[in-house]
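I have placed the structure first, in the form of structure tokens, so that the comments after it can refer back to it.
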Amino acid sequence: MIKNILFVVLLIFSVLACEKPQNEAYPADTPDCIVELIDQERQLTEGKCQLLKSVKRYQFQSTNVYLFEVDPNCIVDGLSTVYAENCDVLCQLGGIAGFKVCGGELFFENATLEETIWTK
């Protein structure tokens, strides 16, 4: 009987240890699709140069947006992507052309940094 109980307890601990905690590393109000995009990017580049440098939430044009900033050490002329809360792509910034406009406005001159969601 004790062996059965120990087996069940060990099995439960094993399952819980393998389960990925949801949103543990991210602020609680981070949209699920943003969390999924971060996790996907991190998995795609695991063991390689991680293209994603940080994810930051900005207030821009009266709404929350999320800037996925590329690491210039991995890709010099990479584009950083700005996502809406529903994960629609609003624009891309930087790159070799030096894009700065998003939604008809200069992004960094009109956006207010609210918080860093994730950084490597």
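Identifiers for the structure tokens are assigned positionally: chains receive A, B, ... in sequence, residues are indexed from 1 per chain, and ligands are indexed from 1 in the order shown.
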
If we count only C-alpha atoms and set the cut-off at 12 Å, which residues sit around Val82 (chain A), ignoring sequence neighbours fewer than 5 positions away in its own chain? Please answer as a PyMOL selection string.
chain A and resi 34+54-60+64-70+87-94+99-103+107-108+111

For a quick check of understanding, using only C-alpha atoms, which of A:Cys33, A:Leu113, A:Val76, A:Leu44 has the smallest distance to Gly98 (chain A)?
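Checking each of A:Cys33, A:Leu113, A:Val76, A:Leu44 against Gly98 (chain A), counting only C-alpha atoms, the winner is A:Val76.
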
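Taking only C-alpha atoms into account, Ala84 (chain A) lies nearest to A:Pro31 out of the set A:Pro31, A:Gln50, A:Leu106, A:Lys120.
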
Using DSSP on the backbone coordinates, identify the residues of chain A assigned to strand (DSSP E); present them as number ranges by chain.
A: 52-60, 63-70, 79-84, 89-94, 101-102, 105-106, 112-119

Just list as a VMD selection string whatever in chain A DSSP marks as alpha helix (DSSP H).
chain A and resid 2 to 18 32 to 44 107 to 110

Rounded to one decimal, what separation in Å do you get between CA of Glu85 (chain A) and CA of Glu115 (chain A)?
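Value for the CA of Glu85 (chain A)-CA of Glu115 (chain A) distance: 14.3 Å.
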
Nearest-residue call for Val35 (chain A), choices A:Glu114, A:Asp77, A:Gly104, A:Asn86, using only C-alpha atoms
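Using only C-alpha atoms, the shortest distance to Val35 (chain A) belongs to A:Asn86.
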
Identify, on the basis of only C-alpha atoms, every residue whose closest approach to Asp71 (chain A) does not exceed 8 Å; exclude the query and any residue fewer than 4 positions from it along the same chain; express the result as a VMD selection string.
chain A and resid 50 to 53 75 to 76 78

Any chance you can output those residues with N, CA and C atoms as a PDB file, in the first residue's frame?
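File again-v4.pdb, as written:
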```pdb
ATOM      1  N   GLN A  50      20.290  34.143 -30.755  1.00  0.00           N
ATOM      2  CA  GLN A  50      18.883  34.469 -30.540  1.00  0.00           C
ATOM      3  C   GLN A  50      18.571  35.836 -31.132  1.00  0.00           C
ATOM      4  N   LEU A  51      17.749  35.834 -32.195  1.00  0.00           N
ATOM      5  CA  LEU A  51      17.447  37.067 -32.917  1.00  0.00           C
ATOM      6  C   LEU A  51      16.684  38.072 -32.065  1.00  0.00           C
ATOM      7  N   LEU A  52      15.835  37.580 -31.191  1.00  0.00           N
ATOM      8  CA  LEU A  52      15.002  38.463 -30.382  1.00  0.00           C
ATOM      9  C   LEU A  52      15.804  38.975 -29.187  1.00  0.00           C
ATOM     10  N   LYS A  53      15.944  40.296 -29.122  1.00  0.00           N
ATOM     11  CA  LYS A  53      16.690  40.926 -28.027  1.00  0.00           C
ATOM     12  C   LYS A  53      15.776  41.253 -26.851  1.00  0.00           C
ATOM     13  N   ILE A  75      21.845  39.939 -36.269  1.00  0.00           N
ATOM     14  CA  ILE A  75      21.500  40.364 -37.618  1.00  0.00           C
ATOM     15  C   ILE A  75      21.562  41.893 -37.657  1.00  0.00           C
ATOM     16  N   VAL A  76      22.531  42.394 -38.361  1.00  0.00           N
ATOM     17  CA  VAL A  76      22.830  43.825 -38.341  1.00  0.00           C
ATOM     18  C   VAL A  76      21.682  44.667 -38.889  1.00  0.00           C
ATOM     19  N   GLY A  78      18.435  43.778 -39.319  1.00  0.00           N
ATOM     20  CA  GLY A  78      17.139  43.146 -39.061  1.00  0.00           C
ATOM     21  C   GLY A  78      16.062  44.166 -38.737  1.00  0.00           C
TER      22      GLY A  78
END
```
